[in-house]
file model38.txt (compact mmCIF, C-alpha atoms and all ligand atoms)
# COMPACT_ATOMS: atom_id res chain seq x y z
CA MET A 286 16.08 -27.52 -11.55
CA SER A 287 12.57 -26.14 -11.48
CA VAL A 288 10.19 -24.33 -9.20
CA LEU A 289 6.89 -26.16 -8.71
CA VAL A 290 3.99 -23.70 -8.50
CA THR A 291 0.90 -25.37 -7.03
CA GLY A 292 -2.29 -23.52 -7.97
CA GLY A 293 -0.24 -21.86 -10.70
CA ALA A 294 -3.19 -21.56 -13.11
CA GLY A 295 -5.06 -19.38 -10.62
CA TYR A 296 -5.11 -15.63 -10.12
CA ILE A 297 -1.98 -15.09 -8.00
CA GLY A 298 -0.23 -18.24 -9.21
CA SER A 299 -0.35 -17.23 -12.89
CA HIS A 300 1.21 -13.84 -12.06
CA CYS A 301 3.84 -15.65 -10.01
CA CYS A 302 4.71 -17.82 -13.02
CA VAL A 303 5.40 -14.68 -15.08
CA THR A 304 7.64 -13.13 -12.44
CA PHE A 305 9.59 -16.35 -11.82
CA LEU A 306 9.99 -17.10 -15.55
CA GLU A 307 11.21 -13.55 -16.15
CA ALA A 308 13.71 -14.01 -13.33
CA GLY A 309 15.11 -17.02 -15.22
CA HIS A 310 13.54 -19.89 -13.28
CA ASP A 311 12.05 -22.94 -14.95
CA VAL A 312 8.46 -23.25 -13.82
CA VAL A 313 6.23 -26.31 -13.48
CA VAL A 314 2.57 -25.71 -12.66
CA LEU A 315 0.54 -28.24 -10.72
CA ASP A 316 -3.17 -27.44 -10.64
CA ASN A 317 -6.43 -29.42 -10.62
CA LEU A 318 -8.21 -26.52 -12.42
CA SER A 319 -11.00 -26.58 -9.82
CA ASN A 320 -11.05 -22.78 -9.81
CA SER A 321 -9.08 -21.81 -12.91
CA SER A 322 -8.51 -22.33 -16.59
CA ALA A 323 -5.40 -23.60 -18.35
CA GLU A 324 -5.86 -20.66 -20.72
CA SER A 325 -4.09 -18.54 -18.08
CA LEU A 326 -0.93 -20.56 -18.70
CA THR A 327 -1.18 -20.12 -22.47
CA ARG A 328 -1.23 -16.39 -21.74
CA VAL A 329 1.76 -16.71 -19.38
CA ALA A 330 3.72 -18.37 -22.19
CA GLU A 331 2.61 -15.66 -24.62
CA LEU A 332 3.72 -12.94 -22.20
CA THR A 333 7.11 -14.36 -21.33
CA GLY A 334 8.02 -16.18 -24.54
CA ARG A 335 8.79 -19.17 -22.34
CA SER A 336 6.90 -22.40 -21.91
CA VAL A 337 5.34 -23.51 -18.66
CA HIS A 338 5.17 -27.22 -17.94
CA PHE A 339 1.61 -27.92 -16.87
CA GLU A 340 0.62 -30.97 -14.84
CA GLN A 341 -3.07 -31.40 -14.09
CA CYS A 342 -2.94 -32.90 -10.63
CA ASP A 343 -4.55 -32.61 -7.22
CA ILE A 344 -2.24 -31.86 -4.27
CA ARG A 345 -4.13 -34.54 -2.34
CA ASP A 346 -2.76 -37.18 -4.75
CA ARG A 347 0.57 -37.70 -3.04
CA ALA A 348 1.92 -40.34 -5.42
CA HIS A 349 1.19 -38.15 -8.44
CA VAL A 350 2.84 -35.14 -6.76
CA GLU A 351 5.95 -37.24 -6.09
CA THR A 352 6.10 -38.31 -9.73
CA ILE A 353 5.91 -34.68 -10.84
CA LEU A 354 8.58 -33.49 -8.38
CA ARG A 355 10.96 -36.21 -9.63
CA LYS A 356 10.11 -35.88 -13.33
CA HIS A 357 10.98 -32.16 -13.36
CA SER A 358 13.80 -32.26 -10.76
CA CYS A 359 11.98 -29.63 -8.70
CA GLU A 360 14.04 -27.92 -6.04
CA SER A 361 11.44 -25.69 -4.44
CA VAL A 362 7.69 -25.21 -4.24
CA VAL A 363 5.52 -22.09 -4.21
CA HIS A 364 2.25 -23.32 -2.78
CA PHE A 365 -0.89 -21.43 -3.85
CA ALA A 366 -3.27 -24.36 -4.34
CA GLY A 367 -6.26 -24.06 -2.07
CA LEU A 368 -9.86 -22.97 -1.70
CA LYS A 369 -10.36 -19.36 -0.65
CA ALA A 370 -14.02 -18.40 -0.28
CA VAL A 371 -14.73 -17.43 3.33
CA GLY A 372 -18.52 -17.91 3.19
CA GLU A 373 -18.22 -21.29 1.48
CA SER A 374 -15.78 -22.40 4.20
CA VAL A 375 -18.42 -21.66 6.85
CA GLU A 376 -21.01 -23.72 4.94
CA ASP A 377 -18.71 -26.63 4.11
CA PRO A 378 -15.80 -26.62 6.58
CA LEU A 379 -14.79 -30.24 5.94
CA ARG A 380 -14.16 -29.49 2.28
CA TYR A 381 -11.87 -26.64 3.30
CA TYR A 382 -9.94 -28.64 5.90
CA GLU A 383 -9.64 -31.60 3.55
CA ASN A 384 -8.39 -29.54 0.62
CA ASN A 385 -6.32 -26.85 2.32
CA VAL A 386 -4.95 -28.76 5.32
CA GLY A 387 -5.16 -32.39 4.16
CA GLY A 388 -3.91 -31.41 0.69
CA THR A 389 -0.96 -29.52 2.13
CA VAL A 390 -0.02 -32.49 4.33
CA GLN A 391 0.04 -34.71 1.22
CA LEU A 392 2.11 -32.15 -0.67
CA LEU A 393 4.62 -31.83 2.19
CA SER A 394 4.85 -35.62 2.50
CA ALA A 395 5.58 -35.91 -1.22
CA MET A 396 8.21 -33.18 -0.92
CA GLN A 397 9.83 -34.92 2.05
CA ALA A 398 9.92 -38.22 0.15
CA CYS A 399 11.69 -36.46 -2.74
CA ASN A 400 14.02 -34.48 -0.46
CA VAL A 401 12.57 -31.18 -1.70
CA LYS A 402 12.57 -29.02 1.43
CA THR A 403 12.03 -25.45 0.29
CA ILE A 404 8.50 -24.05 0.29
CA ILE A 405 6.71 -20.71 0.20
CA PHE A 406 3.18 -20.87 1.56
CA SER A 407 0.26 -18.54 0.72
CA SER A 408 -1.14 -17.55 4.06
CA SER A 409 -3.49 -14.69 4.71
CA ALA A 410 -3.96 -11.67 6.96
CA THR A 411 -7.19 -13.41 7.89
CA VAL A 412 -5.18 -15.46 10.44
CA TYR A 413 -5.02 -12.35 12.68
CA GLY A 414 -8.81 -12.10 13.08
CA GLU A 415 -10.13 -8.88 14.63
CA PRO A 416 -7.18 -6.46 14.95
CA GLN A 417 -6.20 -5.62 18.53
CA SER A 418 -3.68 -3.06 17.28
CA LEU A 419 -2.80 -1.48 13.93
CA PRO A 420 -0.79 -1.77 11.79
CA LEU A 421 -0.86 -5.55 12.07
CA ARG A 422 2.60 -6.86 12.88
CA GLU A 423 3.59 -10.49 12.37
CA ASP A 424 3.67 -10.99 16.16
CA HIS A 425 0.04 -9.87 16.53
CA PRO A 426 -1.99 -12.71 18.13
CA THR A 427 -3.73 -15.02 15.68
CA ALA A 428 -7.47 -15.74 16.02
CA PRO A 429 -9.14 -16.63 12.71
CA LEU A 430 -12.88 -15.99 12.45
CA ASN A 431 -13.83 -18.73 9.98
CA PRO A 432 -12.79 -22.20 8.77
CA TYR A 433 -10.88 -20.74 5.81
CA GLY A 434 -8.71 -18.68 8.17
CA GLU A 435 -8.36 -21.64 10.53
CA SER A 436 -7.15 -23.80 7.64
CA LYS A 437 -4.41 -21.25 6.89
CA LEU A 438 -3.36 -21.09 10.54
CA MET A 439 -3.31 -24.89 10.82
CA VAL A 440 -0.99 -25.11 7.83
CA GLU A 441 1.24 -22.45 9.40
CA GLN A 442 1.48 -24.62 12.54
CA ILE A 443 2.22 -27.75 10.51
CA LEU A 444 5.03 -25.89 8.73
CA LYS A 445 6.47 -24.67 12.04
CA ASP A 446 6.40 -28.21 13.46
CA LEU A 447 8.06 -29.53 10.32
CA LYS A 448 10.83 -26.94 10.60
CA THR A 449 11.38 -27.86 14.26
CA SER A 450 11.58 -31.55 13.39
CA ASP A 451 14.05 -31.01 10.57
CA PRO A 452 15.95 -27.69 10.32
CA GLU A 453 16.91 -28.50 6.72
CA TRP A 454 13.47 -27.29 5.67
CA ARG A 455 13.45 -23.71 4.36
CA ILE A 456 9.99 -22.29 4.81
CA ALA A 457 8.44 -18.90 4.12
CA ILE A 458 4.92 -18.15 5.31
CA LEU A 459 3.60 -15.08 3.49
CA ARG A 460 0.49 -13.42 4.87
CA TYR A 461 -1.27 -11.55 2.09
CA PHE A 462 -3.54 -8.60 2.72
CA ASN A 463 -5.96 -7.82 -0.15
CA PRO A 464 -4.45 -8.76 -3.53
CA THR A 465 -5.91 -6.95 -6.51
CA GLY A 466 -5.00 -5.62 -9.96
CA ALA A 467 -3.70 -7.55 -12.93
CA HIS A 468 -0.66 -7.81 -15.15
CA ALA A 469 -0.15 -4.51 -17.02
CA SER A 470 -0.53 -6.33 -20.36
CA GLY A 471 -4.15 -7.18 -19.58
CA LEU A 472 -3.45 -10.78 -20.64
CA ILE A 473 -3.83 -12.31 -17.17
CA GLY A 474 -5.99 -11.24 -14.25
CA GLU A 475 -8.58 -12.31 -11.71
CA ASP A 476 -11.40 -14.40 -13.16
CA PRO A 477 -13.79 -15.30 -10.35
CA ARG A 478 -16.49 -17.89 -11.00
CA GLY A 479 -20.04 -16.75 -10.31
CA VAL A 480 -20.80 -13.71 -8.17
CA PRO A 481 -17.53 -12.24 -6.85
CA ASN A 482 -17.07 -12.28 -3.07
CA ASN A 483 -14.32 -9.69 -3.09
CA LEU A 484 -14.67 -5.96 -3.53
CA MET A 485 -12.51 -5.17 -6.56
CA PRO A 486 -13.89 -7.82 -8.94
CA PHE A 487 -17.39 -6.74 -7.93
CA ILE A 488 -16.66 -3.05 -8.55
CA SER A 489 -15.13 -3.85 -11.94
CA GLN A 490 -18.14 -5.93 -12.97
CA VAL A 491 -20.46 -3.05 -12.06
CA ALA A 492 -18.28 -0.62 -14.04
CA SER A 493 -18.37 -2.94 -17.05
CA GLY A 494 -22.15 -3.35 -16.87
CA ARG A 495 -22.05 -7.05 -15.99
CA ARG A 496 -23.68 -6.30 -12.60
CA GLU A 497 -26.03 -3.50 -11.68
CA VAL A 498 -25.01 -2.23 -8.30
CA LEU A 499 -22.37 -2.69 -5.63
CA SER A 500 -23.68 -3.29 -2.13
CA ILE A 501 -21.46 -1.51 0.37
CA PHE A 502 -21.43 -3.69 3.46
CA GLY A 503 -21.89 -1.10 6.22
CA ASP A 504 -21.36 2.66 6.34
CA ASP A 505 -21.34 2.99 10.13
CA TYR A 506 -17.85 1.71 10.94
CA PRO A 507 -15.58 3.95 13.01
CA THR A 508 -13.59 4.94 9.91
CA GLU A 509 -13.31 8.29 8.16
CA ASP A 510 -16.30 7.74 5.84
CA GLY A 511 -17.92 4.87 7.76
CA THR A 512 -17.00 2.14 5.26
CA GLY A 513 -14.50 -0.69 5.80
CA VAL A 514 -10.80 -0.01 5.30
CA ARG A 515 -8.41 -2.59 3.82
CA ASP A 516 -4.82 -2.83 2.62
CA TYR A 517 -5.09 -3.52 -1.13
CA ILE A 518 -1.90 -4.76 -2.76
CA HIS A 519 -1.15 -5.04 -6.47
CA VAL A 520 -0.82 -8.68 -7.46
CA VAL A 521 2.45 -8.04 -9.32
CA ASP A 522 3.99 -6.45 -6.21
CA LEU A 523 2.73 -9.45 -4.27
CA VAL A 524 4.42 -12.01 -6.50
CA GLU A 525 7.61 -9.95 -6.54
CA GLY A 526 7.54 -10.42 -2.77
CA HIS A 527 7.49 -14.18 -3.43
CA LEU A 528 10.55 -13.92 -5.64
CA LYS A 529 12.34 -12.06 -2.83
CA ALA A 530 11.26 -14.70 -0.33
CA HIS A 531 12.48 -17.42 -2.69
CA GLU A 532 15.87 -15.72 -2.96
CA ALA A 533 16.00 -15.37 0.82
CA LEU A 534 15.34 -19.09 1.28
CA ILE A 535 17.78 -20.25 -1.38
CA LYS A 536 20.56 -17.82 -0.40
CA PRO A 537 19.80 -16.69 3.15
CA SER A 538 21.42 -13.47 4.38
CA GLU A 539 23.55 -13.58 7.55
CA GLN A 540 20.58 -12.20 9.47
CA LEU A 541 18.35 -15.00 8.22
CA GLN A 542 21.01 -17.65 8.71
CA ALA A 543 21.14 -16.64 12.36
CA ASN A 544 17.46 -17.50 12.50
CA THR A 545 17.43 -20.76 10.60
CA SER A 546 15.52 -22.51 13.33
CA GLU A 547 12.32 -20.68 12.40
CA CYS A 548 10.00 -20.31 9.46
CA LEU A 549 10.19 -16.91 7.82
CA THR A 550 6.76 -15.38 8.47
CA VAL A 551 6.14 -12.08 6.69
CA ASN A 552 3.19 -9.82 5.86
CA LEU A 553 2.74 -8.79 2.24
CA GLY A 554 0.77 -5.55 2.19
CA THR A 555 1.36 -1.89 1.42
CA GLY A 556 0.78 -0.52 4.92
CA THR A 557 -1.90 1.86 3.60
CA GLY A 558 -5.62 1.37 4.07
CA TYR A 559 -8.36 2.55 1.71
CA SER A 560 -12.09 2.60 2.42
CA VAL A 561 -14.74 1.01 0.19
CA GLN A 562 -15.85 4.50 -0.87
CA GLU A 563 -12.27 5.45 -1.77
CA MET A 564 -11.94 2.28 -3.82
CA VAL A 565 -15.15 3.04 -5.71
CA ARG A 566 -14.04 6.60 -6.48
CA ALA A 567 -10.56 5.48 -7.58
CA PHE A 568 -12.11 2.87 -9.88
CA GLU A 569 -14.50 5.41 -11.36
CA ARG A 570 -11.53 7.67 -12.17
CA ALA A 571 -9.49 4.83 -13.70
CA SER A 572 -12.37 3.47 -15.80
CA ASN A 573 -14.16 6.72 -16.51
CA ARG A 574 -17.39 4.84 -15.70
CA ALA A 575 -19.91 5.35 -12.93
CA VAL A 576 -20.18 2.60 -10.30
CA ALA A 577 -23.66 2.45 -8.79
CA THR A 578 -23.66 1.70 -5.06
CA GLN A 579 -26.20 1.01 -2.35
CA ILE A 580 -25.65 0.77 1.39
CA ALA A 581 -26.29 -2.71 2.77
CA PRO A 582 -25.94 -4.17 6.28
CA ARG A 583 -22.50 -5.05 7.59
CA ARG A 584 -21.19 -8.46 6.46
CA ALA A 585 -20.71 -10.94 9.32
CA GLY A 586 -17.08 -11.32 10.35
CA ASP A 587 -15.86 -8.07 8.76
CA SER A 588 -13.54 -5.73 10.68
CA ALA A 589 -13.63 -1.95 10.43
CA GLU A 590 -10.01 -1.53 9.51
CA VAL A 591 -7.18 -3.88 8.50
CA TYR A 592 -3.72 -2.91 7.28
CA ALA A 593 -0.24 -4.33 7.49
CA SER A 594 2.95 -3.41 9.17
CA THR A 595 5.44 -3.62 6.31
CA GLN A 596 8.56 -3.25 8.45
CA LYS A 597 9.54 -6.91 8.48
CA ALA A 598 9.08 -7.36 4.71
CA SER A 599 11.30 -4.36 4.16
CA ASP A 600 13.95 -5.43 6.70
CA VAL A 601 14.10 -9.13 5.94
CA LEU A 602 13.10 -9.39 2.27
CA ASP A 603 14.21 -5.93 1.13
CA TRP A 604 10.78 -5.68 -0.46
CA THR A 605 8.11 -2.97 -0.47
CA ALA A 606 5.08 -2.65 -2.71
CA GLY A 607 5.75 -0.02 -5.38
CA ARG A 608 2.41 0.15 -7.18
CA GLY A 609 -0.35 2.45 -5.98
CA LEU A 610 -4.13 2.52 -6.01
CA GLN A 611 -4.34 4.02 -9.51
CA ASP A 612 -2.19 1.17 -10.90
CA MET A 613 -4.42 -1.40 -9.18
CA CYS A 614 -7.60 0.14 -10.61
CA HIS A 615 -6.15 0.89 -14.04
CA ASP A 616 -4.70 -2.61 -14.49
CA THR A 617 -7.91 -4.27 -13.28
CA TRP A 618 -9.92 -2.19 -15.75
CA ASN A 619 -7.52 -2.96 -18.60
CA TRP A 620 -7.87 -6.71 -17.87
CA VAL A 621 -11.68 -6.50 -17.67
CA CYS A 622 -11.95 -4.50 -20.91
CA LYS A 623 -9.74 -6.95 -22.79
CA ASN A 624 -11.44 -10.02 -21.25
CA PRO A 625 -15.03 -9.04 -20.44
CA LYS A 626 -15.95 -12.67 -19.76
CA GLY A 627 -12.64 -13.68 -18.22
CA TYR A 628 -10.71 -16.52 -19.83
CA ASP A 629 -13.81 -18.31 -20.99
CA ASP A 630 -15.46 -16.55 -23.93
CA SER A 631 -18.54 -18.70 -23.55
CA ALA A 632 -19.11 -17.73 -19.88
CA GLU A 633 -22.26 -15.85 -18.84
P1 LIG A 701 -7.31 -19.06 -7.11
O1 LIG A 701 -8.52 -19.82 -6.75
O2 LIG A 701 -7.35 -18.19 -8.32
O3 LIG A 701 -6.05 -20.03 -7.24
C1 LIG A 701 -5.95 -21.23 -6.51
C2 LIG A 701 -5.61 -22.34 -7.49
O4 LIG A 701 -5.47 -23.56 -6.77
C3 LIG A 701 -6.70 -22.56 -8.55
O5 LIG A 701 -6.10 -22.56 -9.82
C4 LIG A 701 -7.29 -23.93 -8.21
O6 LIG A 701 -7.71 -24.63 -9.35
C5 LIG A 701 -6.11 -24.60 -7.52
N1 LIG A 701 -6.45 -25.65 -6.55
C6 LIG A 701 -7.34 -25.60 -5.53
N2 LIG A 701 -7.35 -26.76 -4.86
C7 LIG A 701 -6.43 -27.57 -5.45
C8 LIG A 701 -5.98 -28.89 -5.23
N3 LIG A 701 -6.50 -29.64 -4.24
N4 LIG A 701 -5.02 -29.40 -6.01
C9 LIG A 701 -4.50 -28.66 -7.02
N5 LIG A 701 -4.90 -27.41 -7.31
C10 LIG A 701 -5.85 -26.86 -6.52
O7 LIG A 701 -6.91 -18.19 -5.82
P2 LIG A 701 -5.81 -17.05 -5.64
O8 LIG A 701 -6.52 -15.80 -5.33
O9 LIG A 701 -4.83 -17.10 -6.73
O10 LIG A 701 -5.16 -17.54 -4.27
C11 LIG A 701 -3.98 -18.31 -4.25
C12 LIG A 701 -3.66 -18.65 -2.81
O11 LIG A 701 -3.49 -17.44 -2.06
C13 LIG A 701 -4.74 -19.45 -2.09
O12 LIG A 701 -4.12 -20.41 -1.26
C14 LIG A 701 -5.44 -18.41 -1.25
O13 LIG A 701 -6.02 -18.96 -0.09
C15 LIG A 701 -4.30 -17.48 -0.91
N6 LIG A 701 -4.73 -16.12 -0.60
C16 LIG A 701 -5.50 -15.45 -1.52
C17 LIG A 701 -5.96 -14.17 -1.22
C18 LIG A 701 -6.85 -13.43 -2.18
O14 LIG A 701 -7.54 -12.52 -1.76
N7 LIG A 701 -6.86 -13.77 -3.49
C19 LIG A 701 -5.59 -13.57 -0.01
C20 LIG A 701 -4.79 -14.28 0.88
C21 LIG A 701 -4.37 -15.56 0.57
C1 LIG A 702 -13.07 -5.72 1.30
C2 LIG A 702 -13.98 -4.64 1.86
C3 LIG A 702 -16.06 -5.49 2.69
C4 LIG A 702 -17.58 -6.83 -1.20
C5 LIG A 702 -11.15 -11.34 2.05
C6 LIG A 702 -10.86 -12.56 2.87
C7 LIG A 702 -9.39 -12.63 3.20
C8 LIG A 702 -8.54 -12.53 1.93
C9 LIG A 702 -8.93 -11.36 1.10
C10 LIG A 702 -8.07 -14.73 1.17
C11 LIG A 702 -14.68 -5.03 3.15
C12 LIG A 702 -16.29 -4.58 1.51
C13 LIG A 702 -16.80 -6.29 -0.18
C14 LIG A 702 -18.80 -6.18 -1.54
C15 LIG A 702 -18.33 -4.50 0.12
N1 LIG A 702 -8.72 -13.67 1.09
N2 LIG A 702 -17.16 -5.15 0.46
N3 LIG A 702 -19.11 -5.03 -0.86
O1 LIG A 702 -13.05 -9.31 3.48
O2 LIG A 702 -10.99 -7.85 3.52
O3 LIG A 702 -10.80 -10.19 2.79
O4 LIG A 702 -10.34 -11.38 0.85
O5 LIG A 702 -7.25 -15.03 1.98
O6 LIG A 702 -9.20 -13.83 3.85
O7 LIG A 702 -11.61 -12.47 4.07
O8 LIG A 702 -11.92 -8.60 1.31
O9 LIG A 702 -12.69 -7.86 -0.90
O10 LIG A 702 -14.24 -9.29 0.50
O11 LIG A 702 -13.79 -6.95 1.21
O12 LIG A 702 -18.66 -3.47 0.72
O13 LIG A 702 -19.55 -6.61 -2.42
O14 LIG A 702 -15.03 -4.41 0.90
O15 LIG A 702 -17.05 -5.31 3.66
O16 LIG A 702 -14.77 -3.88 3.94
P1 LIG A 702 -11.78 -8.95 2.89
P2 LIG A 702 -13.19 -8.24 0.44

call {"tool": "encode", "arguments": {"input": "model38.txt", "output": "structure tokens"}}
result
Amino acid sequence: MSVLVTGGAGYIGSHCCVTFLEAGHDVVVLDNLSNSSAESLTRVAELTGRSVHFEQCDIRDRAHVETILRKHSCESVVHFAGLKAVGESVEDPLRYYENNVGGTVQLLSAMQACNVKTIIFSSSATVYGEPQSLPLREDHPTAPLNPYGESKLMVEQILKDLKTSDPEWRIAILRYFNPTGAHASGLIGEDPRGVPNNLMPFISQVASGRREVLSIFGDDYPTEDGTGVRDYIHVVDLVEGHLKAHEALIKPSEQLQANTSECLTVNLGTGTGYSVQEMVRAFERASNRAVATQIAPRRAGDSAEVYASTQKASDVLDWTAGRGLQDMCHDTWNWVCKNPKGYDDSAE
């Protein structure tokens, strides 16, 4: 009886492995290593004192996925595997639809063939598009602004259709806000390839001297200091939310049982927004380093303010994020200091 973690060598997936192993689950990782290194799994084993079964495999290879599900007697899947760069998805949408949507269809088909019908899916707050009201509740209309977001929403629809067709499926759709931070040990963390797209890895690389200056994308938003506001969530809180969702699917409460005809769709955020300037200042405090900034034009597709309603996560999963901004910055800095070049010592 194992949990299959697709994309388990990646940033969030590797943290999920730790949390699930510590909770006593056997974990099998399926990853094609297109955006990660198997070194993360060596670190997971080091951290937990437990081994992780690693299968290098692409989710689009249905026959291989079936073999893995059977070989390890998997009972559930936590599905992180996917491409996640918004700009890249605009430039090469077919790659995103093929990998994220086509790949998920192959994975679900393999699961169906093996009678494995429990899945947690990594969705994103990006499915909401421009907020019409804040905080964003799960019933806020969806209107993604780019192919990456569309690919997440398409998978959500596929999962809903699957659940309608066969109520035996147990499906959680978790919409993440802005994951950041690292495991407190500093052994695993976010290791982006090339120039980071996201704010926190960029700030940390400026603090460490790997990059010169952070461009702040717009200081004329209708927010307190004019810079964009987001709901940053510590990656360990985030994966603890997955463990709660897994428990809810395996042993549904009476409330959930009454709703078994639907997928469980829940936001994972803190409910608190911080501006880019606040993030920079918090990181400077945590690292005791200066972070040089310059004001740049707004980035296309960015909203002024995005933060979650956390009510449903609290009511249905009995989960709230416990770690604050200082933990996120401190743990990111600890990871960066211990691994200045990420997992790959030979990287630029
Ligand atoms: P990541 O790139 O670190 O991890 C994704 C993993 O999936 C990588 O290890 C990659 O090698 C693997 N992968 C990609 N395509 C694959 C395929 N076809 N077959 C097998 N493995 C494949 O990204 P992450 O930040 O850990 O994100 C995990 C998931 O969470 C993604 O689905 C992402 O879209 C979603 N998500 C991430 C964020 C974020 O800001 N990090 C926010 C919302 C949602
Ligand atoms: C945060 C804030 C930027 C970089 C993205 C995806 C979303 C989800 C999380 C996967 C914004 C500002 C950023 C920089 C900056 N990923 N910024 N300078 O855009 O909220 O969400 O990651 O699902 O789908 O869209 O996160 O970290 O890119 O930006 O000023 O160099 O930081 O404008 O206000 P975002 P982010």

call {"tool": "residues_around", "arguments": {"input": "model38.txt", "residues": "region 468-480 of chain A", "least_positions_apart": "3", "cutoff": "10 Å", "atoms": "only C-alpha atoms", "output": "VMD selection string"}}
result
chain A and resid 295 to 297 299 to 300 303 320 to 322 324 to 329 331 to 332 464 to 465 483 485 to 487 490 496 519 to 521 612 to 613 615 to 629 632 to 633

call {"tool": "write_last_selection", "arguments": {"input": "model38.txt", "atoms": "C-alpha atoms", "output": "PDB file, in the coordinates of the input"}}
result
ATOM      1  CA  GLY A 295      -5.060 -19.380 -10.620  1.00  0.00           C
ATOM      2  CA  TYR A 296      -5.110 -15.630 -10.120  1.00  0.00           C
ATOM      3  CA  ILE A 297      -1.980 -15.090  -8.000  1.00  0.00           C
ATOM      4  CA  SER A 299      -0.350 -17.230 -12.890  1.00  0.00           C
ATOM      5  CA  HIS A 300       1.210 -13.840 -12.060  1.00  0.00           C
ATOM      6  CA  VAL A 303       5.400 -14.680 -15.080  1.00  0.00           C
ATOM      7  CA  ASN A 320     -11.050 -22.780  -9.810  1.00  0.00           C
ATOM      8  CA  SER A 321      -9.080 -21.810 -12.910  1.00  0.00           C
ATOM      9  CA  SER A 322      -8.510 -22.330 -16.590  1.00  0.00           C
ATOM     10  CA  GLU A 324      -5.860 -20.660 -20.720  1.00  0.00           C
ATOM     11  CA  SER A 325      -4.090 -18.540 -18.080  1.00  0.00           C
ATOM     12  CA  LEU A 326      -0.930 -20.560 -18.700  1.00  0.00           C
ATOM     13  CA  THR A 327      -1.180 -20.120 -22.470  1.00  0.00           C
ATOM     14  CA  ARG A 328      -1.230 -16.390 -21.740  1.00  0.00           C
ATOM     15  CA  VAL A 329       1.760 -16.710 -19.380  1.00  0.00           C
ATOM     16  CA  GLU A 331       2.610 -15.660 -24.620  1.00  0.00           C
ATOM     17  CA  LEU A 332       3.720 -12.940 -22.200  1.00  0.00           C
ATOM     18  CA  PRO A 464      -4.450  -8.760  -3.530  1.00  0.00           C
ATOM     19  CA  THR A 465      -5.910  -6.950  -6.510  1.00  0.00           C
ATOM     20  CA  ASN A 483     -14.320  -9.690  -3.090  1.00  0.00           C
ATOM     21  CA  MET A 485     -12.510  -5.170  -6.560  1.00  0.00           C
ATOM     22  CA  PRO A 486     -13.890  -7.820  -8.940  1.00  0.00           C
ATOM     23  CA  PHE A 487     -17.390  -6.740  -7.930  1.00  0.00           C
ATOM     24  CA  GLN A 490     -18.140  -5.930 -12.970  1.00  0.00           C
ATOM     25  CA  ARG A 496     -23.680  -6.300 -12.600  1.00  0.00           C
ATOM     26  CA  HIS A 519      -1.150  -5.040  -6.470  1.00  0.00           C
ATOM     27  CA  VAL A 520      -0.820  -8.680  -7.460  1.00  0.00           C
ATOM     28  CA  VAL A 521       2.450  -8.040  -9.320  1.00  0.00           C
ATOM     29  CA  ASP A 612      -2.190   1.170 -10.900  1.00  0.00           C
ATOM     30  CA  MET A 613      -4.420  -1.400  -9.180  1.00  0.00           C
ATOM     31  CA  HIS A 615      -6.150   0.890 -14.040  1.00  0.00           C
ATOM     32  CA  ASP A 616      -4.700  -2.610 -14.490  1.00  0.00           C
ATOM     33  CA  THR A 617      -7.910  -4.270 -13.280  1.00  0.00           C
ATOM     34  CA  TRP A 618      -9.920  -2.190 -15.750  1.00  0.00           C
ATOM     35  CA  ASN A 619      -7.520  -2.960 -18.600  1.00  0.00           C
ATOM     36  CA  TRP A 620      -7.870  -6.710 -17.870  1.00  0.00           C
ATOM     37  CA  VAL A 621     -11.680  -6.500 -17.670  1.00  0.00           C
ATOM     38  CA  CYS A 622     -11.950  -4.500 -20.910  1.00  0.00           C
ATOM     39  CA  LYS A 623      -9.740  -6.950 -22.790  1.00  0.00           C
ATOM     40  CA  ASN A 624     -11.440 -10.020 -21.250  1.00  0.00           C
ATOM     41  CA  PRO A 625     -15.030  -9.040 -20.440  1.00  0.00           C
ATOM     42  CA  LYS A 626     -15.950 -12.670 -19.760  1.00  0.00           C
ATOM     43  CA  GLY A 627     -12.640 -13.680 -18.220  1.00  0.00           C
ATOM     44  CA  TYR A 628     -10.710 -16.520 -19.830  1.00  0.00           C
ATOM     45  CA  ASP A 629     -13.810 -18.310 -20.990  1.00  0.00           C
ATOM     46  CA  ALA A 632     -19.110 -17.730 -19.880  1.00  0.00           C
ATOM     47  CA  GLU A 633     -22.260 -15.850 -18.840  1.00  0.00           C
TER      48      GLU A 633
END

call {"tool": "closest_atom_pairs", "arguments": {"input": "model38.txt", "of": "region 591-612 of chain A", "to": "region 557-561 of chain A", "cutoff": "8 Å", "atoms": "all atoms listed in the file", "output": "tab-separated table"}}
result
residue	atom	partner	partner_atom	distance
A:Val591	CA	A:Gly558	CA	7.0
A:Tyr592	CA	A:Gly558	CA	5.7
A:Ala593	CA	A:Thr557	CA	7.5

call {"tool": "closest_atom_pairs", "arguments": {"input": "model38.txt", "of": "region 339-415 of chain A", "to": "region 424-443 of chain A", "cutoff": "9 Å", "atoms": "all atoms listed in the file", "output": "tab-separated table"}}
result
residue	atom	partner	partner_atom	distance
A:Leu368	CA	A:Tyr433	CA	7.9
A:Lys369	CA	A:Tyr433	CA	6.6
A:Ala370	CA	A:Tyr433	CA	7.2
A:Val371	CA	A:Tyr433	CA	5.7
A:Gly372	CA	A:Asn431	CA	8.3
A:Glu373	CA	A:Tyr433	CA	8.5
A:Ser374	CA	A:Tyr433	CA	5.4
A:Val375	CA	A:Pro432	CA	6.0
A:Asp377	CA	A:Pro432	CA	8.7
A:Pro378	CA	A:Pro432	CA	5.8
A:Leu379	CA	A:Pro432	CA	8.8
A:Tyr381	CA	A:Tyr433	CA	6.5
A:Tyr382	CA	A:Ser436	CA	5.9
A:Asn385	CA	A:Ser436	CA	6.2
A:Val386	CA	A:Ser436	CA	5.9
A:Thr389	CA	A:Val440	CA	7.2
A:Val390	CA	A:Ile443	CA	8.1
A:Phe406	CA	A:Glu441	CA	8.2
A:Ser407	CA	A:Lys437	CA	8.2
A:Ser408	CA	A:Lys437	CA	5.7
A:Ser409	CA	A:Lys437	CA	7.0
A:Ala410	CA	A:Gly434	CA	8.6
A:Thr411	CA	A:Gly434	CA	5.5
A:Val412	CA	A:Pro429	CA	4.7
A:Tyr413	CA	A:Thr427	CA	4.2
A:Gly414	CA	A:Pro429	CA	4.6
A:Glu415	CA	A:Ala428	CA	7.5
